[in-house]
>>> print(open('structure_12.cif').read())   # mmCIF, C-alpha atoms
data_protein
#
loop_
_atom_site.label_atom_id
_atom_site.label_comp_id
_atom_site.auth_asym_id
_atom_site.auth_seq_id
_atom_site.Cartn_x
_atom_site.Cartn_y
_atom_site.Cartn_z
CA ALA A 148 -6.53 -1.24 25.14
CA PRO A 149 -5.91 -1.96 21.45
CA ALA A 150 -4.27 0.80 19.46
CA VAL A 151 -6.70 2.94 17.46
CA PRO A 152 -5.65 3.15 13.79
CA GLN A 153 -4.50 6.63 12.84
CA VAL A 154 -6.42 8.31 10.04
CA ILE A 155 -4.34 9.07 6.97
CA ASP A 156 -5.16 12.26 5.03
CA PRO A 157 -6.30 11.11 1.56
CA TYR A 158 -5.88 14.66 0.22
CA ALA A 159 -2.25 15.02 1.31
CA PRO A 160 0.14 15.53 -1.63
CA LEU A 161 1.94 12.56 -3.19
CA ASP A 162 5.74 12.75 -2.96
CA ILE A 163 7.11 10.56 -5.78
CA SER A 164 10.72 9.48 -6.28
CA ALA A 165 11.90 7.23 -9.14
CA PRO A 166 15.69 7.29 -9.58
CA VAL A 167 15.81 5.20 -12.79
CA GLN A 168 12.92 6.17 -15.05
CA GLY A 169 9.57 7.92 -15.02
CA HIS A 170 7.10 8.25 -17.89
CA TYR A 171 3.69 9.95 -17.96
CA SER A 172 1.16 9.51 -20.76
CA THR A 173 -1.47 12.27 -20.90
CA GLN A 174 -3.31 10.29 -23.60
CA ASN A 175 -3.71 7.22 -21.32
CA CYS A 176 -3.60 9.05 -17.93
CA LEU A 177 -0.87 6.60 -16.94
CA LEU A 178 2.29 7.14 -14.87
CA GLU A 179 5.03 4.47 -15.08
CA LEU A 180 7.93 4.55 -12.62
CA LYS A 181 10.94 2.21 -12.42
CA GLY A 182 13.88 1.62 -10.09
CA ASP A 183 13.49 1.74 -6.29
CA VAL A 184 10.33 3.83 -6.55
CA GLN A 185 9.00 5.53 -3.41
CA ILE A 186 5.63 7.21 -3.06
CA THR A 187 4.81 8.93 0.22
CA GLN A 188 1.44 10.41 1.20
CA ASP A 189 0.94 11.75 4.71
CA ARG A 190 2.36 8.91 6.88
CA ILE A 191 2.05 6.12 4.26
CA ARG A 192 5.04 4.99 2.21
CA LEU A 193 4.87 2.62 -0.77
CA ILE A 194 8.20 1.27 -2.09
CA ALA A 195 8.67 -1.05 -5.09
CA GLY A 196 10.82 -1.81 -8.12
CA THR A 197 8.06 -0.55 -10.43
CA ILE A 198 4.87 1.40 -9.80
CA THR A 199 2.15 2.23 -12.30
CA GLY A 200 -0.40 4.92 -11.47
CA ARG A 201 -3.73 5.39 -13.22
CA GLN A 202 -5.97 8.44 -13.28
CA ALA A 203 -9.64 8.75 -14.23
CA LYS A 204 -10.15 10.10 -17.74
CA ARG A 205 -12.82 12.79 -18.03
CA ALA A 206 -13.71 14.89 -21.06
CA GLY A 207 -10.29 14.35 -22.64
CA ALA A 208 -8.39 15.26 -19.45
CA CYS A 209 -6.86 13.26 -16.62
CA GLY A 210 -8.67 13.49 -13.28
CA ALA A 211 -8.14 12.03 -9.83
CA TRP A 212 -5.80 9.10 -9.16
CA THR A 213 -7.76 5.84 -9.12
CA GLN A 214 -5.13 3.12 -8.71
CA LEU A 215 -1.47 2.44 -7.99
CA GLU A 216 -0.02 -0.96 -8.94
CA ALA A 217 3.35 -2.01 -7.52
CA ASP A 218 5.67 -4.91 -8.41
CA HIS A 219 9.06 -6.29 -7.34
CA ASP A 220 9.89 -6.14 -3.62
CA VAL A 221 6.84 -4.18 -2.51
CA TYR A 222 6.90 -2.54 0.92
CA TYR A 223 3.94 -0.67 2.43
CA VAL A 224 4.66 1.19 5.66
CA THR A 225 2.15 3.02 7.88
CA PRO A 226 2.25 4.12 11.52
CA ASP A 227 0.38 0.89 12.41
CA GLU A 228 1.91 -1.79 10.18
CA LYS A 229 4.60 -2.90 7.78
CA VAL A 230 3.75 -5.12 4.80
CA ARG A 231 6.06 -6.91 2.37
CA ALA A 232 4.78 -8.61 -0.82
CA ASP A 233 5.61 -9.36 -4.45
CA HIS A 234 2.68 -7.39 -5.91
CA ALA A 235 0.22 -4.76 -4.67
CA VAL A 236 -2.81 -2.89 -5.98
CA TYR A 237 -3.75 0.29 -4.11
CA ASP A 238 -7.35 1.05 -5.15
CA VAL A 239 -7.90 4.71 -4.30
CA THR A 240 -11.60 4.79 -5.21
CA GLY A 241 -12.41 1.45 -3.54
CA LYS A 242 -10.27 2.36 -0.49
CA THR A 243 -8.49 -1.01 -0.46
CA ALA A 244 -4.91 -2.20 -0.73
CA THR A 245 -4.44 -5.78 -1.97
CA PHE A 246 -1.09 -7.55 -1.59
CA THR A 247 -0.16 -10.93 -3.11
CA GLY A 248 2.88 -13.21 -3.25
CA GLY A 249 4.92 -13.92 -0.13
CA VAL A 250 2.95 -11.50 2.02
CA ILE A 251 4.35 -10.70 5.48
CA VAL A 252 2.51 -8.32 7.84
CA VAL A 253 3.95 -6.87 11.05
CA ARG A 254 1.76 -4.99 13.55
CA GLY A 255 3.55 -4.30 16.81
CA GLN A 256 4.99 -7.67 17.89
CA ASN A 257 2.42 -9.65 15.85
CA VAL A 258 3.58 -11.22 12.58
CA ALA A 259 1.48 -12.91 9.90
CA ALA A 260 2.32 -14.52 6.56
CA ALA A 261 -0.20 -15.27 3.81
CA ASP A 262 -0.75 -15.67 0.09
CA LYS A 263 -3.00 -12.60 0.00
CA LEU A 264 -3.77 -9.60 2.20
CA VAL A 265 -6.57 -7.07 1.66
CA ILE A 266 -6.60 -3.91 3.81
CA ASN A 267 -9.69 -1.70 4.10
CA LEU A 268 -8.02 1.72 4.08
CA ALA A 269 -11.04 3.44 5.65
CA THR A 270 -11.14 1.20 8.75
CA ASN A 271 -7.61 -0.35 8.72
CA ASP A 272 -9.25 -3.82 9.05
CA PHE A 273 -7.55 -6.55 7.07
CA THR A 274 -8.23 -10.03 5.68
CA LEU A 275 -5.57 -12.70 5.14
CA SER A 276 -6.30 -15.56 2.73
CA GLY A 277 -4.62 -18.56 1.16
CA HIS A 278 -2.05 -20.38 3.25
CA THR A 279 -1.68 -18.29 6.40
CA ARG A 280 0.47 -18.46 9.49
CA SER A 281 0.50 -16.01 12.39
CA ILE A 282 2.40 -15.38 15.58
CA LEU A 283 0.20 -13.31 17.89
CA TYR A 284 1.14 -11.96 21.29
CA PRO A 285 -1.70 -11.71 23.84
CA GLU A 286 -2.12 -8.30 25.40
CA ARG A 287 -1.08 -8.25 29.05
CA SER A 288 -3.50 -6.55 31.41
CA GLY A 289 -2.19 -3.66 33.46
CA GLN A 290 0.58 -2.76 30.97
#
>>> encode(input="structure_12.cif", output="structure tokens")
Amino acid sequence: APAVPQVIDPYAPLDISAPVQGHYSTQNCLLELKGDVQITQDRIRLIAGTITGRQAKRAGACGAWTQLEADHDVYYVTPDEKVRADHAVYDVTGKTATFTGGVIVVRGQNVAAADKLVINLATNDFTLSGHTRSILYPERSGQ
């Protein structure tokens, strides 16, 4: 039987590490991180050279996180898959993660390469587009 995607807790705390530089603007509700940045939430890890986080602005205050944008050697690791790309946009409110530029996806033994990958974070379904190539291993019955 196919593996059932594990649900990730969207309310788990964000663990953020940026060894080179971090800057937060309360006026713009913007967090800018540089230098081997790692953000972990529950069992998801996002790694990149730079990550910019945006929060909703409400009544002069910063609210919930709405988007994370990652550049330079982006890696996205979950219990079900590993993704490598040049650029990523993690849309918290839209519950999607979009990866572009040299995208490589690994799920179990299966490997796919594409120009663009969009993951529905609620269902763990994904769409590859642009030039794509995949190596897929058929599931063997009885194993």
>>> axis_aligned_box(input="structure_12.cif", around="segment 187-204 of chain A", padding_each_side="5 Å", output="JSON")
{"center_x": 0.3, "center_y": 5.0, "center_z": -5.4, "size_x": 31.0, "size_y": 23.6, "size_z": 34.6}
>>> closest_residue(input="structure_12.cif", among="A:Val224, A:Leu283, A:Ala232, A:Ala269", to="Asp189 of chain A", atoms="all atoms listed in the file")
A:Val224
>>> residues_around(input="structure_12.cif", residues="Ile191 of chain A", least_positions_apart="4", cutoff="8 Å", atoms="all atoms listed in the file", output="PyMOL selection string")
chain A and resi 155+187+223-226
>>> atom_distance(input="structure_12.cif", atom1="atom CA of Thr274 of chain A", atom2="atom CA of Ile251 of chain A")
12.6 Å
>>> closest_residue(input="structure_12.cif", among="A:Gln256, A:Gln214, A:Thr245, A:Gln188", to="Asp156 of chain A", atoms="only C-alpha atoms")
A:Gln188
>>> resolve_selection(input="structure_12.cif", expression="the PyMOL selection byres ((chain A and resi 277) around 10)", output="list in words")
Thr247, Ala260, Ala261, Asp262, Lys263, Leu264, Leu275, Ser276, His278, Thr279 and Arg280 of chain A
>>> atom_distance(input="structure_12.cif", atom1="atom CA of Val230 of chain A", atom2="atom CA of Val250 of chain A")
7.0 Å
>>> atom_distance(input="structure_12.cif", atom1="atom CA of Ile198 of chain A", atom2="atom CA of Leu178 of chain A")
8.1 Å
>>> residues_near_point(input="structure_12.cif", point="(5.5, 6.4, -16.8)", cutoff="12 Å", atoms="all atoms listed in the file", output="VMD selection string")
chain A and resid 163 165 167 to 182 184 197 to 201 215
>>> resolve_selection(input="structure_12.cif", expression="the PyMOL selection byres ((chain A and resi 233) around 9)", output="PyMOL selection string")
chain A and resi 195+217-222+231-232+234-235+246-250
>>> resolve_selection(input="structure_12.cif", expression="the PyMOL selection byres ((chain A and resi 202) around 6)", output="list of chain:residue names")
A:Cys176, A:Arg201, A:Ala203, A:Cys209, A:Gly210, A:Ala211, A:Trp212, A:Thr213
>>> closest_residue(input="structure_12.cif", among="A:Ser288, A:Ser281, A:Gln185, A:Ser164", to="Val253 of chain A", atoms="all atoms listed in the file")
A:Ser281
>>> closest_residue(input="structure_12.cif", among="A:Arg190, A:Lys242, A:Lys204, A:Arg287", to="Thr270 of chain A", atoms="all atoms listed in the file")
A:Lys242
>>> residues_around(input="structure_12.cif", residues="Ile282 of chain A", least_positions_apart="2", cutoff="7 Å", atoms="all atoms listed in the file", output="JSON, numbers by chain")
{"A": [257, 258, 259, 284]}
>>> decode(input="structure_12.cif", residues="segment 244-268 of chain A", atoms="N, CA and C atoms", output="PDB file, in the first residue's frame")
ATOM      1  N   ALA A 244       3.826  25.108  -1.370  1.00  0.00           N
ATOM      2  CA  ALA A 244       5.259  25.363  -1.456  1.00  0.00           C
ATOM      3  C   ALA A 244       5.618  25.240  -2.935  1.00  0.00           C
ATOM      4  N   THR A 245       6.202  26.299  -3.503  1.00  0.00           N
ATOM      5  CA  THR A 245       6.555  26.323  -4.918  1.00  0.00           C
ATOM      6  C   THR A 245       8.072  26.414  -5.043  1.00  0.00           C
ATOM      7  N   PHE A 246       8.646  25.486  -5.804  1.00  0.00           N
ATOM      8  CA  PHE A 246      10.089  25.419  -5.995  1.00  0.00           C
ATOM      9  C   PHE A 246      10.394  25.611  -7.473  1.00  0.00           C
ATOM     10  N   THR A 247      11.437  26.390  -7.791  1.00  0.00           N
ATOM     11  CA  THR A 247      11.833  26.615  -9.184  1.00  0.00           C
ATOM     12  C   THR A 247      13.354  26.551  -9.308  1.00  0.00           C
ATOM     13  N   GLY A 248      13.800  26.245 -10.535  1.00  0.00           N
ATOM     14  CA  GLY A 248      15.230  26.234 -10.834  1.00  0.00           C
ATOM     15  C   GLY A 248      15.935  24.968 -10.407  1.00  0.00           C
ATOM     16  N   GLY A 249      16.184  24.069 -11.338  1.00  0.00           N
ATOM     17  CA  GLY A 249      16.934  22.845 -11.041  1.00  0.00           C
ATOM     18  C   GLY A 249      16.301  21.996  -9.965  1.00  0.00           C
ATOM     19  N   VAL A 250      15.004  21.821 -10.013  1.00  0.00           N
ATOM     20  CA  VAL A 250      14.266  21.102  -8.977  1.00  0.00           C
ATOM     21  C   VAL A 250      14.533  19.597  -9.064  1.00  0.00           C
ATOM     22  N   ILE A 251      14.856  19.001  -7.931  1.00  0.00           N
ATOM     23  CA  ILE A 251      15.012  17.550  -7.809  1.00  0.00           C
ATOM     24  C   ILE A 251      14.187  17.106  -6.605  1.00  0.00           C
ATOM     25  N   VAL A 252      13.336  16.093  -6.810  1.00  0.00           N
ATOM     26  CA  VAL A 252      12.462  15.580  -5.752  1.00  0.00           C
ATOM     27  C   VAL A 252      12.783  14.103  -5.543  1.00  0.00           C
ATOM     28  N   VAL A 253      12.932  13.701  -4.292  1.00  0.00           N
ATOM     29  CA  VAL A 253      13.157  12.297  -3.958  1.00  0.00           C
ATOM     30  C   VAL A 253      12.084  11.882  -2.969  1.00  0.00           C
ATOM     31  N   ARG A 254      11.331  10.836  -3.332  1.00  0.00           N
ATOM     32  CA  ARG A 254      10.331  10.213  -2.448  1.00  0.00           C
ATOM     33  C   ARG A 254      10.614   8.725  -2.455  1.00  0.00           C
ATOM     34  N   GLY A 255      11.105   8.208  -1.358  1.00  0.00           N
ATOM     35  CA  GLY A 255      11.504   6.796  -1.321  1.00  0.00           C
ATOM     36  C   GLY A 255      12.606   6.570  -2.340  1.00  0.00           C
ATOM     37  N   GLN A 256      12.420   5.600  -3.253  1.00  0.00           N
ATOM     38  CA  GLN A 256      13.385   5.344  -4.323  1.00  0.00           C
ATOM     39  C   GLN A 256      13.113   6.202  -5.552  1.00  0.00           C
ATOM     40  N   ASN A 257      11.935   6.809  -5.644  1.00  0.00           N
ATOM     41  CA  ASN A 257      11.535   7.578  -6.817  1.00  0.00           C
ATOM     42  C   ASN A 257      12.239   8.928  -6.847  1.00  0.00           C
ATOM     43  N   VAL A 258      12.692   9.316  -8.052  1.00  0.00           N
ATOM     44  CA  VAL A 258      13.395  10.581  -8.238  1.00  0.00           C
ATOM     45  C   VAL A 258      12.785  11.294  -9.432  1.00  0.00           C
ATOM     46  N   ALA A 259      12.555  12.607  -9.283  1.00  0.00           N
ATOM     47  CA  ALA A 259      12.035  13.410 -10.389  1.00  0.00           C
ATOM     48  C   ALA A 259      12.804  14.716 -10.458  1.00  0.00           C
ATOM     49  N   ALA A 260      12.978  15.213 -11.686  1.00  0.00           N
ATOM     50  CA  ALA A 260      13.602  16.510 -11.918  1.00  0.00           C
ATOM     51  C   ALA A 260      12.641  17.333 -12.759  1.00  0.00           C
ATOM     52  N   ALA A 261      12.588  18.647 -12.494  1.00  0.00           N
ATOM     53  CA  ALA A 261      11.660  19.513 -13.222  1.00  0.00           C
ATOM     54  C   ALA A 261      12.122  20.958 -13.132  1.00  0.00           C
ATOM     55  N   ASP A 262      11.466  21.802 -13.928  1.00  0.00           N
ATOM     56  CA  ASP A 262      11.711  23.241 -13.843  1.00  0.00           C
ATOM     57  C   ASP A 262      10.966  23.845 -12.657  1.00  0.00           C
ATOM     58  N   LYS A 263       9.795  23.249 -12.336  1.00  0.00           N
ATOM     59  CA  LYS A 263       8.956  23.799 -11.270  1.00  0.00           C
ATOM     60  C   LYS A 263       8.220  22.676 -10.553  1.00  0.00           C
ATOM     61  N   LEU A 264       8.088  22.828  -9.243  1.00  0.00           N
ATOM     62  CA  LEU A 264       7.354  21.890  -8.404  1.00  0.00           C
ATOM     63  C   LEU A 264       6.440  22.698  -7.491  1.00  0.00           C
ATOM     64  N   VAL A 265       5.167  22.315  -7.413  1.00  0.00           N
ATOM     65  CA  VAL A 265       4.231  22.922  -6.476  1.00  0.00           C
ATOM     66  C   VAL A 265       3.676  21.808  -5.594  1.00  0.00           C
ATOM     67  N   ILE A 266       3.823  21.957  -4.266  1.00  0.00           N
ATOM     68  CA  ILE A 266       3.317  20.979  -3.309  1.00  0.00           C
ATOM     69  C   ILE A 266       2.124  21.581  -2.574  1.00  0.00           C
ATOM     70  N   ASN A 267       1.012  20.849  -2.546  1.00  0.00           N
ATOM     71  CA  ASN A 267      -0.143  21.217  -1.734  1.00  0.00           C
ATOM     72  C   ASN A 267       0.175  20.715  -0.324  1.00  0.00           C
ATOM     73  N   LEU A 268       0.411  21.612   0.604  1.00  0.00           N
ATOM     74  CA  LEU A 268       0.846  21.217   1.944  1.00  0.00           C
ATOM     75  C   LEU A 268      -0.257  20.554   2.762  1.00  0.00           C
TER      76      LEU A 268
END
